[in-house]
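The data block below is query16.txt; it holds compact mmCIF, C-alpha atoms.
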```txt
# COMPACT_ATOMS: atom_id res chain seq x y z
CA MET A 10 -7.53 -23.81 7.67
CA GLN A 11 -9.44 -24.63 10.86
CA GLN A 12 -11.02 -21.81 12.85
CA ARG A 13 -10.32 -21.93 16.58
CA GLU A 14 -11.00 -19.63 19.53
CA ILE A 15 -11.83 -15.99 19.00
CA LEU A 16 -9.01 -13.50 19.56
CA TYR A 17 -10.89 -10.24 19.12
CA GLU A 18 -14.28 -8.91 18.10
CA GLY A 19 -14.48 -5.43 16.64
CA LYS A 20 -17.31 -3.38 15.20
CA THR A 21 -17.46 -5.19 11.86
CA LYS A 22 -14.96 -8.08 12.05
CA GLN A 23 -13.98 -11.03 14.23
CA LEU A 24 -10.45 -12.44 14.47
CA PHE A 25 -9.89 -16.14 15.16
CA GLN A 26 -6.88 -18.27 15.92
CA THR A 27 -5.96 -21.08 13.53
CA GLU A 28 -3.87 -24.22 13.98
CA ASP A 29 -0.92 -22.19 12.67
CA PRO A 30 0.19 -19.68 15.37
CA GLU A 31 1.48 -17.32 12.65
CA LEU A 32 -1.88 -17.09 10.86
CA ILE A 33 -5.30 -15.75 11.83
CA LEU A 34 -8.75 -15.90 10.25
CA ILE A 35 -10.61 -12.61 9.80
CA HIS A 36 -14.39 -12.93 9.58
CA TYR A 37 -16.38 -10.06 8.05
CA MET A 38 -19.78 -9.38 9.61
CA ASP A 39 -22.84 -7.58 8.26
CA THR A 40 -22.74 -4.93 10.99
CA ALA A 41 -22.75 -1.27 9.96
CA THR A 42 -21.56 1.36 12.43
CA ALA A 43 -21.06 5.12 12.49
CA PHE A 44 -20.16 7.89 14.93
CA ASN A 45 -18.07 5.68 17.23
CA ASN A 46 -20.70 2.96 17.45
CA ILE A 47 -23.58 5.33 18.28
CA LYS A 48 -25.39 4.36 15.08
CA LEU A 49 -25.71 0.61 14.44
CA ALA A 50 -27.48 -1.55 11.88
CA THR A 51 -27.18 -4.82 10.00
CA ILE A 52 -26.84 -4.68 6.21
CA GLU A 53 -27.48 -8.04 4.56
CA ASN A 54 -24.35 -9.47 2.89
CA LYS A 55 -22.22 -6.38 3.62
CA GLY A 56 -19.59 -8.65 5.16
CA ILE A 57 -19.42 -10.72 1.99
CA LEU A 58 -19.02 -7.61 -0.16
CA ASN A 59 -16.33 -6.07 2.06
CA ASN A 60 -14.40 -9.34 2.22
CA LYS A 61 -14.35 -9.65 -1.56
CA ILE A 62 -13.52 -5.97 -2.14
CA SER A 63 -10.73 -5.90 0.43
CA SER A 64 -9.30 -9.18 -0.89
CA LEU A 65 -9.21 -7.83 -4.45
CA VAL A 66 -7.56 -4.60 -3.31
CA PHE A 67 -4.95 -6.35 -1.15
CA GLU A 68 -4.11 -8.75 -3.98
CA TYR A 69 -3.72 -5.80 -6.34
CA LEU A 70 -1.49 -3.97 -3.86
CA ALA A 71 0.66 -7.09 -3.48
CA GLN A 72 1.13 -7.17 -7.26
CA LYS A 73 2.43 -3.60 -6.99
CA GLY A 74 4.96 -4.53 -4.29
CA ILE A 75 3.04 -3.39 -1.19
CA ARG A 76 3.68 -5.69 1.79
CA THR A 77 0.50 -6.64 3.67
CA HIS A 78 -0.76 -9.14 6.22
CA TYR A 79 -3.16 -10.67 3.66
CA VAL A 80 -2.64 -14.28 2.55
CA LYS A 81 -5.83 -15.36 0.76
CA MET A 82 -9.61 -15.33 0.84
CA VAL A 83 -11.14 -18.52 2.27
CA GLY A 84 -14.89 -18.44 1.75
CA ASP A 85 -17.35 -15.62 1.24
CA ARG A 86 -16.72 -13.96 4.61
CA ASP A 87 -13.22 -15.00 5.67
CA GLN A 88 -9.61 -14.06 4.97
CA LEU A 89 -6.48 -15.85 6.06
CA CYS A 90 -3.91 -13.30 7.19
CA ARG A 91 -0.52 -13.22 8.83
CA ARG A 92 -0.68 -12.50 12.53
CA VAL A 93 0.74 -9.05 13.23
CA ARG A 94 0.94 -6.73 16.22
CA ILE A 95 -1.28 -3.83 15.28
CA ILE A 96 0.15 -0.34 15.71
CA PRO A 97 -2.61 1.58 17.55
CA LEU A 98 -2.84 4.33 14.94
CA GLU A 99 -5.33 4.96 12.17
CA VAL A 100 -3.75 6.76 9.23
CA ILE A 101 -6.25 8.76 7.16
CA VAL A 102 -5.14 9.78 3.67
CA ARG A 103 -7.15 12.66 2.19
CA ASN A 104 -7.08 13.51 -1.52
CA VAL A 105 -10.32 15.51 -1.42
CA ILE A 106 -11.71 17.33 1.60
CA ALA A 107 -14.80 15.65 3.02
CA GLY A 108 -16.39 14.34 6.20
CA SER A 109 -14.93 15.26 9.57
CA MET A 110 -12.17 17.44 8.12
CA ALA A 111 -14.67 19.57 6.21
CA HIS A 112 -16.80 20.00 9.35
CA ARG A 113 -13.83 20.59 11.65
CA LEU A 114 -12.27 23.30 9.51
CA GLY A 115 -15.38 24.82 7.94
CA LEU A 116 -14.41 23.78 4.42
CA GLU A 117 -16.69 22.79 1.56
CA GLU A 118 -16.89 19.08 0.84
CA GLY A 119 -15.34 18.22 -2.49
CA THR A 120 -12.58 20.82 -2.27
CA LYS A 121 -9.36 19.48 -3.84
CA PRO A 122 -6.35 20.60 -1.79
CA SER A 123 -2.99 21.30 -3.41
CA ASN A 124 -1.40 18.56 -1.30
CA VAL A 125 -2.29 15.11 -0.01
CA ILE A 126 -3.29 15.39 3.67
CA PHE A 127 -2.33 12.78 6.26
CA ASP A 128 -4.15 12.58 9.60
CA ILE A 129 -3.44 10.13 12.41
CA CYS A 130 -5.84 9.00 15.14
CA TYR A 131 -5.05 7.15 18.35
CA LYS A 132 -6.88 3.80 18.27
CA ASN A 133 -8.55 3.90 21.66
CA ASP A 134 -12.27 3.15 21.92
CA ASP A 135 -12.56 4.65 25.40
CA LEU A 136 -11.27 8.00 24.09
CA GLY A 137 -13.22 7.88 20.83
CA ASP A 138 -10.11 7.41 18.61
CA PRO A 139 -8.95 11.04 18.96
CA LEU A 140 -7.06 12.93 16.27
CA ILE A 141 -3.42 13.36 17.35
CA ASN A 142 -0.16 14.60 15.83
CA ASP A 143 3.23 12.95 15.29
CA HIS A 144 4.65 14.20 18.58
CA HIS A 145 1.68 12.83 20.52
CA ALA A 146 2.15 9.44 18.87
CA VAL A 147 5.80 9.33 19.88
CA ALA A 148 5.13 10.65 23.39
CA LEU A 149 2.50 7.94 23.89
CA GLY A 150 5.07 5.32 22.92
CA LEU A 151 3.00 4.12 19.97
CA VAL A 152 5.78 4.54 17.38
CA SER A 153 9.13 6.20 16.85
CA TYR A 154 9.69 9.08 14.44
CA ASP A 155 11.52 6.72 12.08
CA GLU A 156 8.58 4.32 12.14
CA LEU A 157 6.16 7.16 11.48
CA ASN A 158 8.21 8.21 8.48
CA ARG A 159 8.05 4.64 7.19
CA ILE A 160 4.28 4.52 7.76
CA TYR A 161 3.74 7.80 5.92
CA ALA A 162 5.90 6.62 3.03
CA MET A 163 3.91 3.39 2.78
CA ALA A 164 0.58 5.26 3.02
CA SER A 165 1.71 7.59 0.22
CA GLU A 166 2.70 4.63 -1.97
CA ILE A 167 -0.62 2.88 -1.27
CA ASN A 168 -2.46 6.09 -2.15
CA HIS A 169 -0.65 6.36 -5.47
CA VAL A 170 -1.53 2.78 -6.40
CA LEU A 171 -5.16 3.08 -5.30
CA ILE A 172 -5.75 6.37 -7.11
CA GLU A 173 -4.61 4.68 -10.31
CA LEU A 174 -6.79 1.62 -9.66
CA PHE A 175 -9.96 3.53 -8.82
CA ASP A 176 -9.43 5.95 -11.70
CA ARG A 177 -9.66 2.94 -14.02
CA VAL A 178 -13.15 2.20 -12.67
CA ASN A 179 -14.30 5.83 -12.86
CA ILE A 180 -14.12 6.37 -9.10
CA THR A 181 -12.58 9.29 -7.18
CA LEU A 182 -10.63 8.07 -4.16
CA VAL A 183 -11.64 10.87 -1.82
CA ASP A 184 -9.99 9.50 1.32
CA PHE A 185 -9.28 6.23 3.10
CA LYS A 186 -8.14 4.87 6.45
CA VAL A 187 -5.36 2.33 6.82
CA GLU A 188 -3.76 0.52 9.72
CA PHE A 189 -0.34 -1.09 10.01
CA GLY A 190 1.20 -3.84 12.08
CA TYR A 191 4.53 -5.42 12.97
CA THR A 192 5.36 -8.92 11.75
CA PRO A 193 7.26 -11.17 14.20
CA ASP A 194 10.55 -10.07 12.59
CA GLY A 195 9.69 -6.37 13.05
CA GLU A 196 8.64 -5.46 9.52
CA ILE A 197 5.84 -2.90 9.22
CA VAL A 198 3.09 -4.11 6.86
CA LEU A 199 -0.36 -2.94 5.82
CA ALA A 200 -3.10 -4.61 7.89
CA ASP A 201 -6.87 -4.43 8.58
CA GLU A 202 -8.95 -3.82 5.40
CA ILE A 203 -9.55 -1.44 2.51
CA SER A 204 -13.22 -1.31 1.56
CA PRO A 205 -16.15 1.12 1.28
CA ASP A 206 -16.32 0.92 5.09
CA THR A 207 -12.87 2.52 5.37
CA SER A 208 -12.85 4.75 2.26
CA ARG A 209 -14.81 7.49 0.58
CA LEU A 210 -15.45 6.55 -3.03
CA TRP A 211 -17.33 8.90 -5.36
CA ASP A 212 -18.43 8.19 -8.90
CA LYS A 213 -16.40 10.49 -11.16
CA GLY A 214 -19.33 11.39 -13.38
CA THR A 215 -22.03 12.04 -10.80
CA ASN A 216 -20.18 12.38 -7.45
CA GLU A 217 -22.58 9.71 -6.12
CA ARG A 218 -21.32 8.32 -2.81
CA LEU A 219 -20.55 4.60 -3.04
CA ASP A 220 -19.30 4.11 0.52
CA ARG A 221 -20.22 4.15 4.23
CA ASP A 222 -21.44 7.76 4.01
CA ARG A 223 -24.62 6.26 2.58
CA PHE A 224 -25.17 4.72 6.04
CA ARG A 225 -23.88 7.71 8.03
CA ARG A 226 -26.20 10.08 6.16
CA ASP A 227 -29.25 7.82 5.76
CA MET A 228 -28.94 7.83 1.97
CA GLY A 229 -30.08 4.21 1.54
CA ARG A 230 -28.99 1.65 -1.08
CA ILE A 231 -25.87 0.78 0.90
CA ARG A 232 -25.60 -2.81 -0.25
CA GLU A 233 -26.16 -1.74 -3.86
CA ALA A 234 -23.37 0.86 -3.64
CA TYR A 235 -20.90 -1.66 -2.21
CA GLY A 236 -21.96 -4.15 -4.89
CA GLU A 237 -21.25 -1.53 -7.56
CA ILE A 238 -17.71 -1.03 -6.22
CA LEU A 239 -17.11 -4.79 -6.26
CA ALA A 240 -18.45 -5.20 -9.79
CA ARG A 241 -16.27 -2.39 -11.16
CA LEU A 242 -13.13 -3.71 -9.47
CA GLU A 243 -13.76 -7.25 -10.68
CA ARG A 244 -14.06 -6.04 -14.26
CA VAL A 245 -10.64 -4.38 -14.32
CA ILE A 246 -8.63 -6.61 -11.95
CA GLU A 247 -9.74 -9.93 -13.41
CA LYS A 248 -8.72 -8.74 -16.90
CA GLN A 249 -5.09 -8.46 -15.85
```
Target format structure tokens, applied to this file:
Amino acid sequence: MQQREILYEGKTKQLFQTEDPELILIHYMDTATAFNNIKLATIENKGILNNKISSLVFEYLAQKGIRTHYVKMVGDRDQLCRRVRIIPLEVIVRNVIAGSMAHRLGLEEGTKPSNVIFDICYKNDDLGDPLINDHHAVALGLVSYDELNRIYAMASEINHVLIELFDRVNITLVDFKVEFGYTPDGEIVLADEISPDTSRLWDKGTNERLDRDRFRRDMGRIREAYGEILARLERVIEKQ
């Protein structure tokens, strides 16, 4: 698949046109960011690790019946994906309280709530991707209530599958961010990526952070943590 002109450059990925108007190429970069791009760095081979991790996860989700934009991995840093119209919402699924929610509400990190918590943020760089509620999302014209219900149902199903997957590799899925998009025929599918950049992943035995918090909090060994996630996933997924 031939790469053509660039469509979009984000914080950690570039999107390119291909000769097929229904397909795009997603290129994973080594950039690391935190705090709405205030903190920036380059982590050698992070793009390769995230591409491989996200590809494995999307392939696993597809096996479980989750519809996504993912087609296949093409090289160490690239994925071929269906072209979708991204819904400008980030959906954050929280199984354990950590990060911004713990700080915002004065709760202790690691607290396990009695329910799964769903947050949504408005994808708008100028506004800093603010936390909003369902009524805001509808008022802004981003989605309808029916579409939100579908998105929440899909996020819940994805969460169920991922908890089971990460449990098999002795990892607690603390939380994760997902995005969705419309296919040309109007179907809502999972898009973007699922990786240690977009998830909090803690070792079940030690609670060691194996995700982007290592960069946010200057903990070091970021590449090694991502490599550990990839190695564990490869061991269980490739056995299937």
| field | Nearest to A:Asp206 by atom-to-atom distance, counting all atoms listed in the file, from A:Ala240, A:Ala43, A:Leu32, A:Leu149 | value | A:Ala43
| Quick one: distance from atom CA of A:Thr120 to atom CA of A:Lys186 in Å, one decimal? |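 Spanning atom CA of A:Thr120 to atom CA of A:Lys186 is a straight-line distance of 18.7 Å.
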List the neighbours of A:Pro193 out to 10 Å using all atoms listed in the file; skip same-chain residues closer than 3 positions along the sequence, and give me the result as a compact mmCIF listing (two decimals) with C-alpha atoms, in the coordinates of the input.
```
# COMPACT_ATOMS: atom_id res chain seq x y z
CA GLU A 31 1.48 -17.32 12.65
CA ARG A 91 -0.52 -13.22 8.83
CA ARG A 92 -0.68 -12.50 12.53
CA VAL A 93 0.74 -9.05 13.23
CA ARG A 94 0.94 -6.73 16.22
CA GLY A 190 1.20 -3.84 12.08
CA GLU A 196 8.64 -5.46 9.52
CA ILE A 197 5.84 -2.90 9.22
```
| task | Kindly give the distance, in Å, that separates atom CA of A:Val102 and atom CA of A:Leu34, rounded to a single decimal. | result | 26.8 Å
| Could you pull the residues within 10 Å of A:Tyr79, counting all atoms listed in the file, minus those fewer than 3 positions along the same chain, as a list in words? |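 Listing them by chain and then by number gives Leu32, Ile33, Ile35, Ser63, Ser64, Phe67, Glu68, Ala71, Arg76, Met82, Gln88, Leu89, Cys90, Arg91, Arg92, Val198, Leu199, Ala200, Asp201 and Glu202 of chain A.
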| query | Do you know which residues are at most 12 Å from A:Leu239 counting all atoms listed in the file, after dropping those on the same chain fewer than 6 positions away, and could you put them as a list in words? | reply |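 With the cut-off at 12 Å, the set is Lys55, Ile57, Leu58, Asn59, Asn60, Lys61, Ile62, Ser63, Ser64, Leu65, Val66, Phe175, Val178, Ile180, Ser204, Pro205, Leu210, Leu219, Asp220, Arg232, Glu233, Val245, Ile246 and Glu247 of chain A.
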Would you output that residue set with C-alpha atoms, as a tab-separated table (two decimals), in the frame of the given file?
```
chain	number	residue	atom	x	y	z
A	55	LYS	CA	-22.22	-6.38	3.62
A	57	ILE	CA	-19.42	-10.72	1.99
A	58	LEU	CA	-19.02	-7.61	-0.16
A	59	ASN	CA	-16.33	-6.07	2.06
A	60	ASN	CA	-14.40	-9.34	2.22
A	61	LYS	CA	-14.35	-9.65	-1.56
A	62	ILE	CA	-13.52	-5.97	-2.14
A	63	SER	CA	-10.73	-5.90	0.43
A	64	SER	CA	-9.30	-9.18	-0.89
A	65	LEU	CA	-9.21	-7.83	-4.45
A	66	VAL	CA	-7.56	-4.60	-3.31
A	175	PHE	CA	-9.96	3.53	-8.82
A	178	VAL	CA	-13.15	2.20	-12.67
A	180	ILE	CA	-14.12	6.37	-9.10
A	204	SER	CA	-13.22	-1.31	1.56
A	205	PRO	CA	-16.15	1.12	1.28
A	210	LEU	CA	-15.45	6.55	-3.03
A	219	LEU	CA	-20.55	4.60	-3.04
A	220	ASP	CA	-19.30	4.11	0.52
A	232	ARG	CA	-25.60	-2.81	-0.25
A	233	GLU	CA	-26.16	-1.74	-3.86
A	245	VAL	CA	-10.64	-4.38	-14.32
A	246	ILE	CA	-8.63	-6.61	-11.95
A	247	GLU	CA	-9.74	-9.93	-13.41
```
| message | Within 7 Å of (-5.0, 5.5, 10.8) (file coordinates; only C-alpha atoms), which protein or nucleic acid residues are there? I'd like them as an MDAnalysis selection string. | response | chainID A and resid 98:101 129:130 186:188
| Residue among A:Ala111, A:Tyr154, A:Asp87, A:Asp184 lying closest to A:Phe127, counting all atoms listed in the file | A:Asp184
| query | How many Å separate atom CA of A:Gly56 from atom CA of A:Tyr17? | reply | 16.5 Å
| query | Which of these residues is nearest to A:Ile47, using all atoms listed in the file: A:Gly137, A:Leu151, A:His112, A:Ile203? | reply | A:Gly137
| request: Determine the nearest neighbour of A:Ser153 from the options A:Ile96, A:Ala107, A:Ser208, A:Leu174, counting all atoms listed in the file. | output: A:Ile96
Just the residues within 8 Å of A:Lys22, please, counting all atoms listed in the file, with nothing from its chain fewer than 6 positions along; format it as a compact mmCIF listing (two decimals) with C-alpha atoms, in the frame of the given file.
```
# COMPACT_ATOMS: atom_id res chain seq x y z
CA ILE A 35 -10.61 -12.61 9.80
CA HIS A 36 -14.39 -12.93 9.58
CA TYR A 37 -16.38 -10.06 8.05
CA MET A 38 -19.78 -9.38 9.61
```
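Distance check against A:Asp222 using all atoms listed in the file: of A:Tyr161, A:Leu16, A:Thr42, A:Tyr191, the minimum falls on A:Thr42.
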| Shortest interatomic distance to A:His169 - which of A:Arg103, A:Leu136, A:Ile52, A:Arg218, counting only C-alpha atoms |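 Among the listed residues, the smallest separation from A:His169 belongs to A:Arg103.
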Edge lengths and centre in Å to one decimal, as lines of an AutoDock Vina configuration file, is what I'm after for the box along x, y and z that holds all listed atoms of stretch 15-32 of chain A once 8 Å is added on each side.
```
center_x = -8.0
center_y = -13.8
center_z = 15.2
size_x = 34.9
size_y = 36.8
size_z = 24.7
```
Take stretch 171-182 of chain A, model all heavy atoms, and hand the result over as a JSON list (two decimals), in the coordinates of the input.
```json
[["chain", "number", "residue", "atom", "x", "y", "z"],
["A", 171, "LEU", "N", -3.70, 3.13, -5.35],
["A", 171, "LEU", "CA", -5.16, 3.08, -5.30],
["A", 171, "LEU", "C", -5.81, 4.15, -6.16],
["A", 171, "LEU", "O", -6.86, 3.91, -6.77],
["A", 171, "LEU", "CB", -5.64, 3.20, -3.86],
["A", 171, "LEU", "CG", -5.33, 2.02, -2.94],
["A", 171, "LEU", "CD1", -5.94, 2.25, -1.56],
["A", 171, "LEU", "CD2", -5.83, 0.70, -3.52],
["A", 172, "ILE", "N", -5.21, 5.34, -6.22],
["A", 172, "ILE", "CA", -5.75, 6.37, -7.11],
["A", 172, "ILE", "C", -5.78, 5.86, -8.54],
["A", 172, "ILE", "O", -6.78, 6.01, -9.26],
["A", 172, "ILE", "CB", -4.92, 7.67, -7.01],
["A", 172, "ILE", "CG1", -5.21, 8.40, -5.70],
["A", 172, "ILE", "CG2", -5.24, 8.61, -8.19],
["A", 172, "ILE", "CD1", -4.32, 9.60, -5.47],
["A", 173, "GLU", "N", -4.70, 5.23, -8.94],
["A", 173, "GLU", "CA", -4.61, 4.68, -10.31],
["A", 173, "GLU", "C", -5.66, 3.59, -10.52],
["A", 173, "GLU", "O", -6.33, 3.54, -11.56],
["A", 173, "GLU", "CB", -3.20, 4.14, -10.54],
["A", 173, "GLU", "CG", -2.95, 3.56, -11.93],
["A", 173, "GLU", "CD", -3.25, 2.07, -12.01],
["A", 173, "GLU", "OE1", -3.22, 1.39, -10.96],
["A", 173, "GLU", "OE2", -3.53, 1.58, -13.12],
["A", 174, "LEU", "N", -5.82, 2.71, -9.54],
["A", 174, "LEU", "CA", -6.79, 1.62, -9.66],
["A", 174, "LEU", "C", -8.21, 2.16, -9.75],
["A", 174, "LEU", "O", -8.97, 1.79, -10.67],
["A", 174, "LEU", "CB", -6.67, 0.68, -8.46],
["A", 174, "LEU", "CG", -7.77, -0.39, -8.33],
["A", 174, "LEU", "CD1", -7.75, -1.33, -9.53],
["A", 174, "LEU", "CD2", -7.61, -1.17, -7.02],
["A", 175, "PHE", "N", -8.59, 3.04, -8.83],
["A", 175, "PHE", "CA", -9.96, 3.53, -8.82],
["A", 175, "PHE", "C", -10.25, 4.46, -10.00],
["A", 175, "PHE", "O", -11.39, 4.53, -10.48],
["A", 175, "PHE", "CB", -10.28, 4.21, -7.49],
["A", 175, "PHE", "CG", -10.56, 3.22, -6.38],
["A", 175, "PHE", "CD1", -9.64, 3.02, -5.36],
["A", 175, "PHE", "CD2", -11.72, 2.47, -6.39],
["A", 175, "PHE", "CE1", -9.88, 2.10, -4.36],
["A", 175, "PHE", "CE2", -11.98, 1.55, -5.39],
["A", 175, "PHE", "CZ", -11.06, 1.35, -4.37],
["A", 176, "ASP", "N", -9.24, 5.14, -10.50],
["A", 176, "ASP", "CA", -9.43, 5.95, -11.70],
["A", 176, "ASP", "C", -9.84, 5.07, -12.88],
["A", 176, "ASP", "O", -10.65, 5.49, -13.72],
["A", 176, "ASP", "CB", -8.13, 6.71, -12.02],
["A", 176, "ASP", "CG", -8.32, 7.70, -13.16],
["A", 176, "ASP", "OD1", -9.13, 8.63, -13.00],
["A", 176, "ASP", "OD2", -7.68, 7.53, -14.22],
["A", 177, "ARG", "N", -9.31, 3.88, -12.93],
["A", 177, "ARG", "CA", -9.66, 2.94, -14.02],
["A", 177, "ARG", "C", -11.11, 2.49, -13.96],
["A", 177, "ARG", "O", -11.65, 2.04, -14.98],
["A", 177, "ARG", "CB", -8.73, 1.72, -13.97],
["A", 177, "ARG", "CG", -7.29, 2.04, -14.35],
["A", 177, "ARG", "CD", -6.38, 0.86, -14.04],
["A", 177, "ARG", "NE", -6.77, -0.34, -14.75],
["A", 177, "ARG", "CZ", -6.29, -1.56, -14.47],
["A", 177, "ARG", "NH1", -5.44, -1.71, -13.47],
["A", 177, "ARG", "NH2", -6.68, -2.60, -15.18],
["A", 178, "VAL", "N", -11.74, 2.59, -12.79],
["A", 178, "VAL", "CA", -13.15, 2.20, -12.67],
["A", 178, "VAL", "C", -14.05, 3.42, -12.48],
["A", 178, "VAL", "O", -15.16, 3.31, -11.98],
["A", 178, "VAL", "CB", -13.35, 1.16, -11.54],
["A", 178, "VAL", "CG1", -12.60, -0.11, -11.86],
["A", 178, "VAL", "CG2", -12.92, 1.71, -10.18],
["A", 179, "ASN", "N", -13.53, 4.59, -12.87],
["A", 179, "ASN", "CA", -14.30, 5.83, -12.86],
["A", 179, "ASN", "C", -14.75, 6.23, -11.45],
["A", 179, "ASN", "O", -15.87, 6.70, -11.25],
["A", 179, "ASN", "CB", -15.52, 5.73, -13.79],
["A", 179, "ASN", "CG", -16.01, 7.08, -14.25],
["A", 179, "ASN", "OD1", -15.22, 8.00, -14.48],
["A", 179, "ASN", "ND2", -17.32, 7.23, -14.39],
["A", 180, "ILE", "N", -13.85, 6.04, -10.48],
["A", 180, "ILE", "CA", -14.12, 6.37, -9.10],
["A", 180, "ILE", "C", -13.06, 7.35, -8.60],
["A", 180, "ILE", "O", -11.87, 7.17, -8.85],
["A", 180, "ILE", "CB", -14.10, 5.11, -8.21],
["A", 180, "ILE", "CG1", -15.24, 4.17, -8.58],
["A", 180, "ILE", "CG2", -14.15, 5.47, -6.72],
["A", 180, "ILE", "CD1", -16.61, 4.64, -8.18],
["A", 181, "THR", "N", -13.50, 8.39, -7.88],
["A", 181, "THR", "CA", -12.58, 9.29, -7.18],
["A", 181, "THR", "C", -12.30, 8.72, -5.80],
["A", 181, "THR", "O", -13.23, 8.50, -5.01],
["A", 181, "THR", "CB", -13.19, 10.70, -7.04],
["A", 181, "THR", "OG1", -13.43, 11.25, -8.33],
["A", 181, "THR", "CG2", -12.25, 11.62, -6.26],
["A", 182, "LEU", "N", -11.03, 8.49, -5.51],
["A", 182, "LEU", "CA", -10.63, 8.07, -4.16],
["A", 182, "LEU", "C", -10.51, 9.32, -3.32],
["A", 182, "LEU", "O", -9.49, 10.00, -3.31],
["A", 182, "LEU", "CB", -9.31, 7.31, -4.22],
["A", 182, "LEU", "CG", -8.75, 6.83, -2.87],
["A", 182, "LEU", "CD1", -9.70, 5.85, -2.19],
["A", 182, "LEU", "CD2", -7.36, 6.21, -3.05]]
```
